[in-house]
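Below: one structure, written as structure tokens.
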There are 2 protein chains.
Amino acid sequence: MKIEELGEFGLIRHLTQTVELKNDSTVKGVSDDCAVLHFAEDKDTLVTTDLLLEGVHFDLTYVPLKHLGYKSAIVNFSDVYAMGGMPRQITVSLGLSQRFSVEDMDEFYDGLRLACDKYGVDIVGGDTSSSMTGLTVSITCIGEVERGRAVYRNGARPTDILCVSGNLGAAYMGLQLLEREKDVYYRQLQEHKGQETLEAAQPDFAGKEYLLERQLKPEARRDVVMRLRELGIQPTAMMDISDGLSSELMHICEQSHCGCRIYEEHIPLDYETASQAEEFNMNVITCALNGGEDYELLFAIPLADKDRIAQVEDVRMIGYVTKPEDGRVLVTRDGSQFDLKAQGWNPLK
Amino acid sequence: MKIEELGEFGLIRHLTQTVELKNDSTVKGVSDDCAVLHFAEDKDTLVTTDLLLEGVHFDLTYVPLKHLGYKSAIVNFSDVYAMGGMPRQITVSLGLSQRFSVEDMDEFYDGLRLACDKYGVDIVGGDTSSSMTGLTVSITCIGEVERGRAVYRNGARPTDILCVSGNLGAAYMGLQLLEREKDVYYRQLQEHKGQETLEAAQPDFAGKEYLLERQLKPEARRDVVMRLRELGIQPTAMMDISDGLSSELMHICEQSHCGCRIYEEHIPLDYETASQAEEFNMNVITCALNGGEDYELLFAIPLADKDRIAQVEDVRMIGYVTKPEDGRVLVTRDGSQFDLKAQGWNPLK
């Protein structure tokens, strides 16, 4: 069905009619000039926003719309967890070119709803419009955190332990795989030009499911934030790893006016990431440091919490915070030292 | 200066370094994963968002970037006032194609800051990215309202008086003027093709300043919301007029399950709007009903508040709320009755 047939308000109604509100803090959702929320006196409100543009942030040749919807929500939730908070509401703005149908938007919303249901978030508003070119997705997420307990990037102190959740570089490897298969597909298209049908070889992703999932359907680390709370560990600084570990370490060092020292041997890697890096003839540590889109948490905790953090599953201590004059250092397995550089993905290039 | 030279974080720093926070509710602004806000227990939080796309919502051939920045903020503030609230914070996401320079973004931010300073709003976050085509602006605005006092669209009751602030159709006329001059300019370009220089006749907008200002630099009606508060008038329904009076009346009637009866002779028009409509050979009432982008307030108040509303400057009573079975009616000067239709601007066409 063409989106024009429903019109702006019809489309919004169609997409949001089955939305059920889950949070006490949501007073009123979609359908008025604003959503109305209420947070208790002992909470602070968190706000984050992400703009995703077709051709820059995602490629619909290999990203299904349902996955895009899911991921668009997750990347925002991840920013709220990175403050030690819980996401509660999102608004969703879409710019749609003519090639998108109502069914396409249903798919996108299916993914969005799936993420919202899983993480307990309400869809409370948005804006829908036509676009001259491609798909534009702009999501704003509202969350809450105990008053005064938001974790910033600027509180890390020398001797603090640096920790990372999960493992790094897998999403980047997934992207390389998808890009390679896309190139193969286009080469085949070229070779078969003019022929009636193209029986393109289906890409063989057997054994690579984990890497693809990390790229196409990432998760946000609510579990880690909740576990830290249970154990009474308050990080001194935290952020999510979206542009690569190296780049995020730079942010924490800059804003906390400190240095850092991390150890190659402690950087968490998955077996599939390492084996795929070898196949691509890439350095897996470089991928882990600069790959991006991991949506894992990087955080600093006081040295006194060392024993407690050791109890947390799926969190690794990768090094510690130093004085600013000690620089930002990676110690390799053979004991060499390198200056860390932020080679993360630059969305303005 | 090329935006690449600064990079994403450099650009954000450059644009937001002079931002001063004005509101107690802003705990932390730009520079972390989220902004942190705190609203008092006796307040509800309002959230609204708008996506503006080049070529769909604005045309940079005649819209200066400073004006675009100003207007992008105002259209969001207007949604918060339409709930009876006060805007407090915005986040600003920008997608920029290669043709934009740092100086361009300075201009856009100048306009944005001007609007924020005037209306007492803090810029607390955002996202900046490259775009394949044109400029994308996505703004989310957070506001506050006394707890339980948000004015929805669904509370209008038969016998309520319908009111409109300011006057209607002027922004639409301003747009027609700008579009006409753009056509003239392109025709001249065509005629002078191949010539060394083009001395295009500067468009003569003398006497049309008001119409252009309504289109290029609209204001939001904080004054009306504050005056209603002072007088203790609580509207039963309210919204801002962005898609045209007709379309907005439909929303209120639908959501309040009521009809309406408005009078042509009471629809507020400015002299310049009427005179320009005549020049264009357009029906000025049609422009006022369907033009859009007025950013005036449409609201319903109990009949008992009639004398009090009469004291409010720049607000006109245009008719009243009826039972649903009485339909949605426009009574013309000669006493004829017409069914109102929503012919407002459809952003999906």
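Identifiers for the structure tokens are assigned positionally: chains receive A, B, ... in sequence, residues are indexed from 1 per chain, and ligands are indexed from 1 in the order shown.
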Subject >> Sel. of helix (DSSP H, G or I) residues, stretch 1-223 of chain B, as number ranges by chain >> reply: B: 3-16, 65-81, 102-119, 170-191, 209-216, 222-223
Given a cut-off of 8 Å, which residues of chain B touch chain A, counting only C-alpha atoms, written out as a PDB file with C-alpha atoms, in the first residue's frame?
ATOM      1  CA  ILE B   3      33.488  20.695   8.401  1.00  0.00           C
ATOM      2  CA  GLU B   4      35.810  17.690   7.967  1.00  0.00           C
ATOM      3  CA  GLY B   7      35.413  16.485  12.749  1.00  0.00           C
ATOM      4  CA  GLU B   8      32.174  15.574  14.491  1.00  0.00           C
ATOM      5  CA  ASP B  32      28.064  13.191  27.534  1.00  0.00           C
ATOM      6  CA  ASP B  33      26.026  10.210  26.343  1.00  0.00           C
ATOM      7  CA  CYS B  34      22.844  11.929  27.531  1.00  0.00           C
ATOM      8  CA  ALA B  35      21.746  15.296  28.826  1.00  0.00           C
ATOM      9  CA  VAL B  36      20.622  15.168  32.457  1.00  0.00           C
ATOM     10  CA  LEU B  37      17.522  17.099  33.532  1.00  0.00           C
ATOM     11  CA  HIS B  38      15.536  17.389  36.709  1.00  0.00           C
ATOM     12  CA  PHE B  39      11.941  18.521  36.917  1.00  0.00           C
ATOM     13  CA  ALA B  40      10.216  19.255  40.203  1.00  0.00           C
ATOM     14  CA  GLU B  41       7.630  16.824  41.578  1.00  0.00           C
ATOM     15  CA  LYS B  43       5.645  19.348  37.082  1.00  0.00           C
ATOM     16  CA  ASP B  44       4.922  17.075  34.160  1.00  0.00           C
ATOM     17  CA  THR B  45       7.507  16.780  31.394  1.00  0.00           C
ATOM     18  CA  LEU B  46       6.528  17.480  27.776  1.00  0.00           C
ATOM     19  CA  VAL B  47       8.335  16.040  24.745  1.00  0.00           C
ATOM     20  CA  THR B  48       7.882  16.958  21.094  1.00  0.00           C
ATOM     21  CA  THR B  49       9.999  16.423  18.008  1.00  0.00           C
ATOM     22  CA  ASP B  50      10.131  17.764  14.458  1.00  0.00           C
ATOM     23  CA  LEU B  51      12.021  16.553  11.431  1.00  0.00           C
ATOM     24  CA  LEU B  53      14.192  18.044   5.405  1.00  0.00           C
ATOM     25  CA  GLY B  55      13.497  20.287  -0.412  1.00  0.00           C
ATOM     26  CA  VAL B  56      10.443  19.157   1.571  1.00  0.00           C
ATOM     27  CA  ASP B  79       4.099  22.506  20.275  1.00  0.00           C
ATOM     28  CA  VAL B  80       5.001  22.897  23.943  1.00  0.00           C
ATOM     29  CA  ALA B  82       0.101  24.267  22.633  1.00  0.00           C
ATOM     30  CA  MET B  83       0.036  21.980  25.709  1.00  0.00           C
ATOM     31  CA  THR B  91      18.445  18.619  21.319  1.00  0.00           C
ATOM     32  CA  SER B  93      20.550  16.712  15.221  1.00  0.00           C
ATOM     33  CA  LEU B  94      21.990  17.771  11.877  1.00  0.00           C
ATOM     34  CA  GLY B  95      22.728  15.807   8.712  1.00  0.00           C
ATOM     35  CA  GLY B 125      22.541  17.837  23.100  1.00  0.00           C
ATOM     36  CA  GLY B 126      22.329  16.463  19.629  1.00  0.00           C
ATOM     37  CA  ASP B 127      24.041  14.561  16.925  1.00  0.00           C
ATOM     38  CA  THR B 128      25.934  15.690  13.842  1.00  0.00           C
ATOM     39  CA  SER B 129      26.605  13.592  10.802  1.00  0.00           C
ATOM     40  CA  SER B 130      27.313  13.817   7.113  1.00  0.00           C
ATOM     41  CA  SER B 131      24.422  13.349   4.725  1.00  0.00           C
ATOM     42  CA  MET B 132      24.384  12.173   1.109  1.00  0.00           C
ATOM     43  CA  THR B 133      22.009  14.920   0.069  1.00  0.00           C
ATOM     44  CA  SER B 138      15.815  17.041  13.685  1.00  0.00           C
ATOM     45  CA  THR B 140      13.422  17.488  20.049  1.00  0.00           C
ATOM     46  CA  ALA B 150      -1.358  19.793  30.260  1.00  0.00           C
ATOM     47  CA  TYR B 152      -4.836  18.054  25.324  1.00  0.00           C
ATOM     48  CA  ARG B 153      -6.870  18.085  22.132  1.00  0.00           C
ATOM     49  CA  MET B 239      -3.208  22.948  19.679  1.00  0.00           C
ATOM     50  CA  ASP B 240      -0.992  25.074  17.523  1.00  0.00           C
ATOM     51  CA  ASN B 346       0.248  16.906   3.546  1.00  0.00           C
ATOM     52  CA  PRO B 347       3.933  16.330   4.231  1.00  0.00           C
ATOM     53  CA  LEU B 348       3.703  12.854   2.701  1.00  0.00           C
ATOM     54  CA  LYS B 349       2.783  14.095  -0.768  1.00  0.00           C
TER      55      LYS B 349
END
**OP:** Could you tell me which of B:Leu135, B:Gly207, B:Gln17, B:Thr61 comes closest to B:Arg113 if we count only C-alpha atoms?
**Re:** B:Gln17
Original post:
So which residues touch stretch 334-341 of chain A within 8 Å, counting only C-alpha atoms, skipping near sequence neighbours fewer than 6 positions away, as a PyMOL selection string?
Top reply: chain A and resi 246-247+250+327-328
**OP:** Run DSSP on the backbone and grab whatever in stretch 17-145 of chain B lands in strand (DSSP E or B); send it over as a ChimeraX atom specification.
**Re:** /B:26-28,35-37,43-54,58,86-96,101,122-130,136-145
With N, CA and C atoms retained, could you export that selection as a CSV table (one decimal), in the first residue's frame?
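Done, and the output landed in part_21.csv:
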chain,number,residue,atom,x,y,z
B,26,THR,N,18.0,22.1,33.9
B,26,THR,CA,19.1,21.5,33.2
B,26,THR,C,20.3,21.2,34.1
B,27,VAL,N,20.5,19.9,34.4
B,27,VAL,CA,21.6,19.5,35.3
B,27,VAL,C,22.9,19.4,34.5
B,28,LYS,N,22.8,18.8,33.3
B,28,LYS,CA,24.0,18.7,32.5
B,28,LYS,C,23.6,18.8,31.0
B,35,ALA,N,21.9,14.1,28.0
B,35,ALA,CA,21.7,15.3,28.8
B,35,ALA,C,21.1,14.8,30.1
B,36,VAL,N,21.3,15.5,31.2
B,36,VAL,CA,20.6,15.2,32.5
B,36,VAL,C,19.8,16.3,32.9
B,37,LEU,N,18.5,16.1,33.2
B,37,LEU,CA,17.5,17.1,33.5
B,37,LEU,C,16.9,16.7,34.9
B,43,LYS,N,5.7,19.1,38.5
B,43,LYS,CA,5.6,19.3,37.1
B,43,LYS,C,5.5,18.1,36.3
B,44,ASP,N,4.8,18.1,35.2
B,44,ASP,CA,4.9,17.1,34.2
B,44,ASP,C,5.9,17.5,33.1
B,45,THR,N,6.5,16.5,32.4
B,45,THR,CA,7.5,16.8,31.4
B,45,THR,C,6.8,16.6,30.0
B,46,LEU,N,7.1,17.5,29.1
B,46,LEU,CA,6.5,17.5,27.8
B,46,LEU,C,7.6,17.2,26.8
B,47,VAL,N,7.3,16.4,25.8
B,47,VAL,CA,8.3,16.0,24.7
B,47,VAL,C,7.7,16.1,23.4
B,48,THR,N,8.4,16.9,22.5
B,48,THR,CA,7.9,17.0,21.1
B,48,THR,C,9.1,16.9,20.2
B,49,THR,N,8.9,16.5,18.9
B,49,THR,CA,10.0,16.4,18.0
B,49,THR,C,9.6,16.8,16.6
B,50,ASP,N,10.4,17.4,15.8
B,50,ASP,CA,10.1,17.8,14.5
B,50,ASP,C,11.3,17.5,13.6
B,51,LEU,N,11.0,16.9,12.4
B,51,LEU,CA,12.0,16.6,11.4
B,51,LEU,C,11.8,17.5,10.2
B,52,LEU,N,12.9,18.2,9.9
B,52,LEU,CA,12.8,19.2,8.8
B,52,LEU,C,13.8,18.8,7.7
B,53,LEU,N,13.3,18.5,6.5
B,53,LEU,CA,14.2,18.0,5.4
B,53,LEU,C,14.3,19.1,4.3
B,54,GLU,N,15.5,19.3,3.8
B,54,GLU,CA,15.7,20.2,2.7
B,54,GLU,C,14.9,19.7,1.5
B,58,PHE,N,11.9,23.0,3.7
B,58,PHE,CA,12.5,24.3,3.4
B,58,PHE,C,13.3,24.3,2.1
B,86,MET,N,5.8,25.3,29.1
B,86,MET,CA,7.0,26.1,28.8
B,86,MET,C,8.1,25.3,28.3
B,87,PRO,N,8.7,25.6,27.1
B,87,PRO,CA,9.8,24.8,26.6
B,87,PRO,C,11.1,25.1,27.5
B,88,ARG,N,11.9,24.1,27.7
B,88,ARG,CA,13.1,24.3,28.6
B,88,ARG,C,14.4,23.9,27.9
B,89,GLN,N,14.3,22.8,27.2
B,89,GLN,CA,15.5,22.3,26.5
B,89,GLN,C,15.3,21.8,25.1
B,90,ILE,N,16.3,21.8,24.3
B,90,ILE,CA,16.2,21.2,23.0
B,90,ILE,C,17.5,20.4,22.7
B,91,THR,N,17.3,19.3,21.9
B,91,THR,CA,18.4,18.6,21.3
B,91,THR,C,18.4,18.9,19.8
B,92,VAL,N,19.5,18.9,19.2
B,92,VAL,CA,19.6,19.3,17.8
B,92,VAL,C,20.4,18.3,17.0
B,93,SER,N,19.8,17.6,16.1
B,93,SER,CA,20.5,16.7,15.2
B,93,SER,C,20.6,17.3,13.8
B,94,LEU,N,21.8,17.2,13.2
B,94,LEU,CA,22.0,17.8,11.9
B,94,LEU,C,22.6,16.7,11.0
B,95,GLY,N,22.1,16.6,9.8
B,95,GLY,CA,22.7,15.8,8.7
B,95,GLY,C,23.2,16.8,7.7
B,96,LEU,N,24.5,16.8,7.3
B,96,LEU,CA,25.1,17.9,6.5
B,96,LEU,C,25.7,17.3,5.3
B,101,SER,N,29.6,24.5,5.0
B,101,SER,CA,30.8,24.8,5.7
B,101,SER,C,30.6,25.1,7.2
B,122,ASP,N,17.4,25.9,26.8
B,122,ASP,CA,18.8,25.4,26.7
B,122,ASP,C,19.0,24.4,25.6
B,123,ILE,N,20.1,24.6,24.9
B,123,ILE,CA,20.5,23.5,23.9
B,123,ILE,C,21.3,22.5,24.7
B,124,VAL,N,20.8,21.3,24.8
B,124,VAL,CA,21.5,20.3,25.7
B,124,VAL,C,22.1,19.1,25.1
B,125,GLY,N,22.0,19.0,23.7
B,125,GLY,CA,22.5,17.8,23.1
B,125,GLY,C,22.2,17.8,21.6
B,126,GLY,N,22.6,16.7,21.0
B,126,GLY,CA,22.3,16.5,19.6
B,126,GLY,C,23.3,15.5,19.0
B,127,ASP,N,23.3,15.5,17.7
B,127,ASP,CA,24.0,14.6,16.9
B,127,ASP,C,24.4,15.2,15.6
B,128,THR,N,25.6,15.1,15.1
B,128,THR,CA,25.9,15.7,13.8
B,128,THR,C,26.6,14.6,12.9
B,129,SER,N,26.2,14.7,11.7
B,129,SER,CA,26.6,13.6,10.8
B,129,SER,C,26.6,14.1,9.4
B,130,SER,N,27.4,13.4,8.5
B,130,SER,CA,27.3,13.8,7.1
B,130,SER,C,26.0,13.3,6.5
B,136,THR,N,19.5,18.0,6.8
B,136,THR,CA,18.4,17.4,7.6
B,136,THR,C,18.5,18.0,9.0
B,137,VAL,N,17.4,18.4,9.5
B,137,VAL,CA,17.4,19.0,10.9
B,137,VAL,C,16.3,18.3,11.7
B,138,SER,N,16.8,17.7,12.8
B,138,SER,CA,15.8,17.0,13.7
B,138,SER,C,16.0,17.6,15.1
B,139,ILE,N,14.9,18.2,15.6
B,139,ILE,CA,14.9,18.9,16.9
B,139,ILE,C,13.9,18.2,17.8
B,140,THR,N,14.3,18.0,19.0
B,140,THR,CA,13.4,17.5,20.0
B,140,THR,C,13.4,18.5,21.1
B,141,CYS,N,12.2,18.9,21.6
B,141,CYS,CA,12.1,19.9,22.6
B,141,CYS,C,11.5,19.3,23.9
B,142,ILE,N,12.0,19.6,25.0
B,142,ILE,CA,11.5,19.2,26.3
B,142,ILE,C,10.9,20.4,27.0
B,143,GLY,N,9.8,20.2,27.6
B,143,GLY,CA,9.2,21.4,28.3
B,143,GLY,C,8.6,20.9,29.6
B,144,GLU,N,8.0,21.8,30.4
B,144,GLU,CA,7.3,21.4,31.6
B,144,GLU,C,6.0,22.2,31.8
B,145,VAL,N,5.1,21.6,32.5
B,145,VAL,CA,3.8,22.1,32.7
B,145,VAL,C,3.4,21.7,34.2
Original post:
Got a sec: who's within 12 Å of A:Gln234, counting only C-alpha atoms, leaving out chain neighbours fewer than 3 positions off, as a PyMOL selection string?
Top reply: chain A and resi 83-85+146+148-152+155-156+160+224-231+237-238+299-305+308-309
Original post:
So which residues touch A:Leu15 within 8 Å, counting only C-alpha atoms, skipping near sequence neighbours fewer than 6 positions away, as a list in words?
Top reply: Met105, Asp106 and Tyr109 of chain A
Original post:
Hey, can you check how far atom CA of B:Pro324 sits from atom CA of A:Thr18?
Top reply: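 Atom-to-atom, atom CA of B:Pro324 to atom CA of A:Thr18, that is 26.2 Å.
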**OP:** Identify, on the basis of only C-alpha atoms, every residue whose closest approach to A:Ser242 does not exceed 12 Å; exclude the query and any residue fewer than 4 positions from it along the same chain; express the result as an MDAnalysis selection string.
**Re:** (chainID A and resid 50 74:76 78:79 82 168:169 171:172 215 218 220 246:249 288:298 344:347) or (chainID B and resid 33)
Original post:
Which distance in Å separates atom CA of B:Tyr185 and atom CA of B:Leu216, to one decimal?
Top reply: 18.8 Å
